[in-house]
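Okay, work.tsv now, which holds TSV, C-alpha atoms and all ligand atoms:
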chain	number	residue	atom	x	y	z
A	1	MET	CA	114.86	91.92	99.96
A	2	LYS	CA	116.12	94.51	102.40
A	3	LEU	CA	114.31	97.59	103.57
A	4	LEU	CA	115.34	100.64	105.54
A	5	PHE	CA	113.08	103.33	106.97
A	6	LEU	CA	114.65	106.58	105.72
A	7	GLY	CA	112.00	108.63	107.51
A	8	THR	CA	108.96	107.83	109.65
A	9	GLY	CA	107.63	111.31	110.44
A	10	THR	CA	104.61	113.34	109.42
A	11	SER	CA	104.84	116.36	107.11
A	12	VAL	CA	106.53	118.80	109.54
A	13	GLY	CA	109.06	116.27	110.85
A	14	ILE	CA	109.70	115.58	114.55
A	15	PRO	CA	110.79	117.67	116.42
A	16	ALA	CA	108.36	120.19	114.95
A	17	ILE	CA	109.73	123.72	114.55
A	18	GLY	CA	108.97	125.83	117.64
A	19	CYS	CA	107.37	122.99	119.62
A	20	ALA	CA	108.30	122.32	123.24
A	21	CYS	CA	106.14	119.21	123.80
A	22	PRO	CA	107.76	116.20	125.56
A	23	VAL	CA	108.16	114.26	122.28
A	24	CYS	CA	109.77	117.16	120.41
A	25	LEU	CA	112.14	117.71	123.38
A	26	SER	CA	112.74	113.97	123.92
A	27	GLY	CA	116.31	112.66	124.04
A	28	ASP	CA	115.20	109.27	122.71
A	29	PRO	CA	116.48	109.10	119.09
A	30	ARG	CA	113.39	107.05	118.17
A	31	ASN	CA	111.34	110.23	118.73
A	32	LYS	CA	113.29	112.08	116.01
A	33	ARG	CA	111.54	111.51	112.70
A	34	ARG	CA	112.50	112.67	109.25
A	35	ARG	CA	109.78	112.95	106.62
A	36	ALA	CA	108.43	109.60	105.38
A	37	SER	CA	110.50	107.67	102.83
A	38	LEU	CA	111.55	104.06	102.25
A	39	TYR	CA	114.74	102.52	100.84
A	40	LEU	CA	114.40	99.08	99.33
A	41	GLN	CA	117.12	96.79	98.02
A	42	ALA	CA	115.72	93.96	95.93
A	43	ALA	CA	116.93	91.86	93.00
A	44	GLY	CA	120.17	93.84	92.95
A	45	LEU	CA	118.35	97.18	92.63
A	46	HIS	CA	118.26	100.22	94.91
A	47	LEU	CA	114.75	101.73	95.02
A	48	VAL	CA	113.61	104.80	96.94
A	49	VAL	CA	109.99	105.77	97.58
A	50	ASP	CA	109.48	109.58	97.59
A	51	THR	CA	112.04	112.39	97.88
A	52	PRO	CA	111.11	114.28	101.07
A	53	PRO	CA	112.67	117.60	102.12
A	54	ASP	CA	115.16	115.49	104.17
A	55	PHE	CA	116.24	113.48	101.09
A	56	ARG	CA	119.84	114.71	100.93
A	57	GLU	CA	120.43	114.13	104.62
A	58	GLN	CA	118.74	110.70	104.43
A	59	MET	CA	120.95	109.64	101.50
A	60	LEU	CA	124.04	110.72	103.46
A	61	THR	CA	123.07	109.33	106.88
A	62	PHE	CA	122.00	105.94	105.57
A	63	ARG	CA	124.70	105.78	102.88
A	64	VAL	CA	122.51	105.09	99.87
A	65	PRO	CA	125.08	104.55	97.12
A	66	ARG	CA	122.80	104.77	94.06
A	67	VAL	CA	119.16	105.02	93.07
A	68	ASP	CA	118.02	102.75	90.23
A	69	ALA	CA	114.44	103.98	90.40
A	70	LEU	CA	112.32	106.50	92.29
A	71	LEU	CA	108.68	105.79	93.08
A	72	PHE	CA	106.33	108.59	94.08
A	73	THR	CA	103.21	108.13	96.18
A	74	HIS	CA	101.66	111.59	95.63
A	75	PRO	CA	102.79	115.19	95.12
A	76	HIS	CA	102.50	116.61	98.65
A	77	ALA	CA	105.56	118.70	99.54
A	78	ASP	CA	106.62	116.36	102.38
A	79	HIS	CA	107.13	113.62	99.75
A	80	LEU	CA	108.65	115.71	96.99
A	81	CYS	CA	110.72	118.69	97.93
A	82	GLY	CA	114.09	116.92	98.17
A	83	PHE	CA	113.71	116.01	94.49
A	84	ASP	CA	116.36	118.46	93.26
A	85	ASP	CA	119.10	116.44	94.98
A	86	ILE	CA	118.58	113.58	92.54
A	87	ARG	CA	121.23	115.54	90.59
A	88	ARG	CA	123.97	113.81	92.60
A	89	PHE	CA	122.74	110.41	91.42
A	90	ASN	CA	122.63	111.73	87.83
A	91	GLU	CA	126.32	112.59	88.22
A	92	ILE	CA	127.34	109.34	89.91
A	93	GLN	CA	125.35	107.12	87.55
A	94	GLU	CA	125.90	109.28	84.44
A	95	SER	CA	122.25	108.85	83.51
A	96	SER	CA	118.75	109.99	84.26
A	97	VAL	CA	116.84	108.11	86.95
A	98	PRO	CA	113.49	106.41	86.19
A	99	ALA	CA	110.67	108.05	88.17
A	100	TYR	CA	107.41	106.14	88.61
A	101	GLY	CA	104.10	107.58	89.78
A	102	SER	CA	100.53	108.22	88.74
A	103	PRO	CA	100.19	110.49	85.67
A	104	GLU	CA	98.75	113.15	88.01
A	105	THR	CA	101.75	112.96	90.36
A	106	LEU	CA	104.29	113.11	87.53
A	107	ASP	CA	102.50	116.16	86.05
A	108	ALA	CA	102.66	117.84	89.46
A	109	ILE	CA	106.41	117.15	89.72
A	110	GLN	CA	106.93	118.85	86.36
A	111	ARG	CA	105.01	121.90	87.60
A	112	PHE	CA	106.87	122.06	90.95
A	113	PHE	CA	110.27	121.54	89.29
A	114	HIS	CA	109.64	123.24	85.94
A	115	TYR	CA	113.37	123.06	85.08
A	116	VAL	CA	113.57	119.24	85.31
A	117	ASN	CA	115.43	117.60	82.39
A	118	ARG	CA	116.72	120.94	81.00
A	119	LYS	CA	120.12	120.77	79.33
A	120	PRO	CA	122.91	121.80	81.72
A	121	GLN	CA	124.24	125.24	80.87
A	122	SER	CA	127.07	127.46	82.10
A	123	GLY	CA	127.88	125.21	85.05
A	124	VAL	CA	124.26	124.85	86.20
A	125	SER	CA	122.85	121.33	86.31
A	126	TYR	CA	119.23	120.23	86.52
A	127	PRO	CA	117.72	117.01	87.86
A	128	ARG	CA	117.26	114.39	85.14
A	129	VAL	CA	114.59	111.72	85.42
A	130	SER	CA	112.72	109.58	82.92
A	131	PHE	CA	109.06	109.84	83.84
A	132	LYS	CA	107.22	106.51	83.88
A	133	PRO	CA	103.47	107.03	84.30
A	134	VAL	CA	101.95	104.13	86.23
A	135	THR	CA	98.57	102.79	85.16
A	136	GLY	CA	98.84	99.24	86.50
A	137	PRO	CA	101.31	96.66	87.84
A	138	PHE	CA	104.79	96.86	86.30
A	139	GLU	CA	108.30	95.47	86.66
A	140	ILE	CA	111.59	97.10	87.59
A	141	GLY	CA	114.12	94.40	86.71
A	142	ALA	CA	113.01	91.34	88.69
A	143	VAL	CA	110.89	93.38	91.11
A	144	ARG	CA	107.14	93.24	90.50
A	145	VAL	CA	105.46	96.48	91.61
A	146	THR	CA	101.72	96.88	92.13
A	147	PRO	CA	100.35	100.40	92.62
A	148	LEU	CA	97.62	100.66	95.25
A	149	ASP	CA	95.12	103.51	94.85
A	150	VAL	CA	94.27	104.79	98.33
A	151	GLU	CA	92.16	107.68	99.64
A	152	HIS	CA	94.22	110.38	101.33
A	153	ALA	CA	93.43	113.97	100.35
A	154	GLN	CA	92.32	115.84	97.23
A	155	VAL	CA	95.23	114.39	95.25
A	156	ARG	CA	95.50	110.93	93.73
A	157	THR	CA	97.62	108.86	96.11
A	158	PHE	CA	99.38	105.54	95.65
A	159	GLY	CA	100.90	103.02	97.96
A	160	TYR	CA	103.05	100.29	96.45
A	161	ARG	CA	103.35	96.53	96.82
A	162	PHE	CA	106.74	95.02	95.95
A	163	ASP	CA	107.25	91.32	95.17
A	164	ALA	CA	110.74	89.93	94.60
A	165	GLY	CA	112.48	86.60	95.26
A	166	GLY	CA	109.37	85.13	96.91
A	167	ARG	CA	109.06	88.01	99.41
A	168	ALA	CA	106.40	90.69	99.53
A	169	LEU	CA	106.23	94.13	101.11
A	170	ALA	CA	103.66	96.91	100.89
A	171	TYR	CA	104.13	100.57	101.79
A	172	ILE	CA	101.26	103.05	102.22
A	173	PRO	CA	102.54	106.13	104.06
A	174	ASP	CA	99.60	108.49	103.46
A	175	CYS	CA	96.09	107.12	103.67
A	176	HIS	CA	92.71	107.87	105.21
A	177	THR	CA	90.69	104.99	103.78
A	178	LEU	CA	91.79	101.70	102.26
A	179	THR	CA	89.41	100.65	99.49
A	180	ASP	CA	88.33	97.01	99.15
A	181	ALA	CA	90.44	96.81	95.97
A	182	ALA	CA	93.55	97.93	97.87
A	183	LEU	CA	92.82	95.49	100.72
A	184	ALA	CA	92.42	92.65	98.21
A	185	ALA	CA	95.92	93.39	96.86
A	186	LEU	CA	97.46	93.13	100.36
A	187	LYS	CA	97.34	89.35	100.83
A	188	GLY	CA	100.34	87.16	101.64
A	189	LEU	CA	102.65	89.96	102.76
A	190	ASP	CA	105.85	89.54	104.75
A	191	VAL	CA	105.84	93.22	105.75
A	192	MET	CA	103.07	95.82	105.70
A	193	ILE	CA	103.76	99.50	106.46
A	194	LEU	CA	100.74	101.77	106.89
A	195	ASP	CA	99.96	105.39	107.81
A	196	GLY	CA	99.25	105.69	111.56
A	197	LEU	CA	99.52	109.41	112.26
A	198	ARG	CA	98.41	109.93	115.87
A	199	PRO	CA	95.73	108.90	118.37
A	200	ALA	CA	93.22	111.66	117.46
A	201	PRO	CA	91.20	111.55	114.22
A	202	HIS	CA	92.50	113.44	111.19
A	203	PRO	CA	90.66	114.23	107.94
A	204	THR	CA	93.34	112.76	105.66
A	205	HIS	CA	95.29	110.23	107.77
A	206	LEU	CA	94.59	107.05	109.75
A	207	THR	CA	94.77	107.12	113.54
A	208	VAL	CA	96.96	104.66	115.47
A	209	ALA	CA	93.85	102.62	116.37
A	210	GLN	CA	92.40	102.65	112.83
A	211	SER	CA	95.74	101.66	111.39
A	212	THR	CA	96.23	98.89	113.96
A	213	ALA	CA	92.78	97.45	113.17
A	214	LEU	CA	93.55	97.46	109.43
A	215	LEU	CA	96.98	95.93	109.96
A	216	ARG	CA	95.39	93.10	111.96
A	217	ARG	CA	92.92	92.51	109.15
A	218	ILE	CA	95.68	92.52	106.50
A	219	GLY	CA	97.66	90.05	108.62
A	220	ALA	CA	101.21	90.50	107.29
A	221	ARG	CA	103.97	88.62	109.12
A	222	GLN	CA	105.31	91.94	110.43
A	223	SER	CA	103.45	95.25	110.46
A	224	PHE	CA	104.54	98.83	111.06
A	225	LEU	CA	102.91	102.23	111.39
A	226	THR	CA	104.53	105.27	109.75
A	227	HIS	CA	104.04	109.01	108.98
A	228	ILE	CA	104.00	109.54	112.75
A	229	ALA	CA	103.18	112.83	114.48
A	230	HIS	CA	104.52	114.35	117.73
A	231	GLN	CA	101.48	113.16	119.67
A	232	VAL	CA	103.11	109.71	119.55
A	233	GLU	CA	105.82	109.04	122.15
A	234	HIS	CA	107.75	106.04	120.85
A	235	ALA	CA	108.16	103.90	123.97
A	236	ALA	CA	104.66	104.59	125.35
A	237	VAL	CA	102.78	103.90	122.11
A	238	GLN	CA	105.01	100.93	121.20
A	239	ALA	CA	104.08	99.32	124.55
A	240	SER	CA	100.38	99.70	123.72
A	241	LEU	CA	100.53	97.91	120.35
A	242	PRO	CA	99.55	94.27	119.85
A	243	PRO	CA	102.25	91.67	119.05
A	244	GLY	CA	103.45	91.79	115.42
A	245	ILE	CA	102.60	95.49	115.02
A	246	ASP	CA	105.40	97.94	115.75
A	247	LEU	CA	106.39	101.58	115.56
A	248	PRO	CA	109.47	101.86	113.37
A	249	TYR	CA	112.15	104.51	113.73
A	250	ASP	CA	114.43	106.21	111.23
A	251	GLY	CA	117.24	103.86	110.25
A	252	LEU	CA	115.41	100.66	111.19
A	253	GLU	CA	116.57	98.02	108.74
A	254	LEU	CA	114.92	94.67	107.97
A	255	GLU	CA	116.05	91.73	105.90
A	256	LEU	CA	113.10	89.84	104.46
B	1	ZN	ZN	102.79	112.90	103.83
B	2	ZN	ZN	105.91	118.65	119.64
B	3	ZN	ZN	100.12	113.56	101.81
Show this structure as structure tokens.
Ligand SMILES: [Zn+2]
Ligand SMILES: [Zn+2]
Ligand SMILES: [Zn+2]
Amino acid sequence: MKLLFLGTGTSVGIPAIGCACPVCLSGDPRNKRRRASLYLQAAGLHLVVDTPPDFREQMLTFRVPRVDALLFTHPHADHLCGFDDIRRFNEIQESSVPAYGSPETLDAIQRFFHYVNRKPQSGVSYPRVSFKPVTGPFEIGAVRVTPLDVEHAQVRTFGYRFDAGGRALAYIPDCHTLTDAALAALKGLDVMILDGLRPAPHPTHLTVAQSTALLRRIGARQSFLTHIAHQVEHAAVQASLPPGIDLPYDGLELEL
């Protein structure tokens, strides 16, 4: 199993438009964060979690050659609005792309992108996906996927656990509270990636300290924060984290 962080930033991306704070002006590439998304290669499949507004640029920069399945965490715009560019993969793969998510999330996608799956006409093409409503654990080829219901905002929000070839990874980019049921599903992980927005409290996200405490409790072999805001300077916050818990950066790749 191989994973790549396509984006590690919060909803506005870092730098934030019009901001002159030291992180937004920083020359350290680790302080530049696209919107949160994950690329996973497992059991011969290419999986992408969420299609943020930076999706096209992420696919180009990190040379994602195909997408065998999309998985959606929730329908907030920072996880969805690059969706239209799935059209390129429709062309390359000459097929629609399976799209997994909660029934609520898939309904929201069809409202946002009301033209999805329309027949191409007079040179205009539309994104084509086969919607796969998720109501429990499922398989994509030899990858076992477990949806994790988490509390984030007023919308139903999933994280996902992936098991393949004896390795396990879980990804929860947007979360305010982890329920006991979600925590119980996070045992025996090689990698755990969890929302860790910023030092100050937020009504719908975990702080760096809250996330770090949860990551310690979960006890994966390697742990990462994500969905990071501009109040987090990479080198300074990285130095403050306990061993085994790290700040990722866009393009960070791991072989499990
Ligand atoms: Zn988000
Ligand atoms: Zn800033
Ligand atoms: Zn969100």
May I have a table of the residues of range 90-150 of chain A lying at most 8 Å from range 171-194 of chain A, giving each one's closest pair of atoms and their distance in Å to one decimal, counting all atoms listed in the file, ordered by chain and ascending residue number, as CSV?
residue,atom,partner,partner_atom,distance
A:Leu148,CA,A:Ala182,CA,5.6
A:Asp149,CA,A:Ala182,CA,6.5
A:Val150,CA,A:Leu178,CA,5.6
Record the distance separating CA of Gly123 in chain A and CA of Glu57 in chain A, expressed in Å with one decimal.
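Separation between CA of Gly123 in chain A and CA of Glu57 in chain A: 23.7 Å.
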Given only C-alpha atoms and all ligand atoms as the counted atoms, nearest of A:His74, A:Arg156, A:Arg66, A:Arg167 to ligand ZN 3 (chain B):
A:His74
Test item: residues at most 7 Å from range 82-94 of chain A, all atoms listed in the file, excluding those fewer than 6 positions along its chain, as a list in words
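Contacts, with the query itself left out: Thr51, Pro52, Pro53, Asp54, Phe55, Arg56, Arg66, Val67, Tyr126, Pro127 and Arg128 of chain A.
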Could you give me, as a PyMOL selection string, the residues within 9 Å of Thr212 in chain A, counting all atoms listed in the file and dropping anything in the same chain fewer than 5 positions from it?
chain A and resi 194+196+207+217+223-225+241-242+245
Identify which of the residues A:Leu197, A:Met1, A:Ile140, A:Ala43 lies closest to Ala69 in chain A, counting only C-alpha atoms when measuring atom-to-atom distances.
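Comparing A:Leu197, A:Met1, A:Ile140, A:Ala43 against Ala69 in chain A, the winner is A:Ile140.
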Env. residues ligand ZN 1 (chain B) / 7 Å / all atoms listed in the file / as a compact mmCIF listing (two decimals) with C-alpha atoms, in the frame of the given file:
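Okay, result-v3.txt is ready:
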# COMPACT_ATOMS: atom_id res chain seq x y z
CA THR A 10 104.61 113.34 109.42
CA SER A 11 104.84 116.36 107.11
CA ALA A 36 108.43 109.60 105.38
CA HIS A 76 102.50 116.61 98.65
CA ASP A 78 106.62 116.36 102.38
CA HIS A 79 107.13 113.62 99.75
CA PRO A 173 102.54 106.13 104.06
CA ASP A 174 99.60 108.49 103.46
CA HIS A 227 104.04 109.01 108.98
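Where the distance criterion is 9 Å and the atoms used are all atoms listed in the file, the residues close to ligand ZN 2 (chain B) are Ile14, Pro15, Ala16, Ile17, Gly18, Cys19, Ala20, Cys21, Pro22, Val23, Cys24, Leu25, Ala229, His230 and Gln231 of chain A.
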Residue with smallest distance to ligand ZN 3 (chain B) - pool A:Ala200, A:Ala77, A:Val49, A:Leu4, counting only C-alpha atoms and all ligand atoms:
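Nearest to ligand ZN 3 (chain B): A:Ala77.
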Find the spatial neighbours of Phe72 in chain A, counting all atoms listed in the file, within a cut-off of 7 Å - ignore same-chain residues fewer than 4 positions away - and output them as a CSV table (one decimal) with C-alpha atoms, in the frame of the given file.
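Writing done, so here's out29.csv:
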chain,number,residue,atom,x,y,z
A,49,VAL,CA,110.0,105.8,97.6
A,50,ASP,CA,109.5,109.6,97.6
A,100,TYR,CA,107.4,106.1,88.6
A,101,GLY,CA,104.1,107.6,89.8
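In terms of minimum interatomic distance to ligand ZN 3 (chain B), A:Pro75 ranks closest within A:Gly166, A:Gly219, A:Pro75, A:Pro98, counting only C-alpha atoms and all ligand atoms.
When all atoms listed in the file are used to measure the gap to ligand ZN 3 (chain B), the shortest distance among A:Arg111, A:His152, A:Lys119, A:Arg63 belongs to A:His152.
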Of the candidates A:Leu3, A:Val12, A:Ala236, A:Val145, which one gets nearest to ligand ZN 3 (chain B) if we count only C-alpha atoms and all ligand atoms?
A:Val12
Straight-line distance linking CA of Arg161 in chain A with CA of Thr146 in chain A, stated in Å to one decimal:
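Interatomic distance here is 5.0 Å.
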Counting all atoms listed in the file, find the residues whose atoms lie at most 12 Å from (107.9, 96.8, 86.0) (file coordinates) and write them out as a ChimeraX atom specification.
/A:69,71,98-100,132-147,161-164
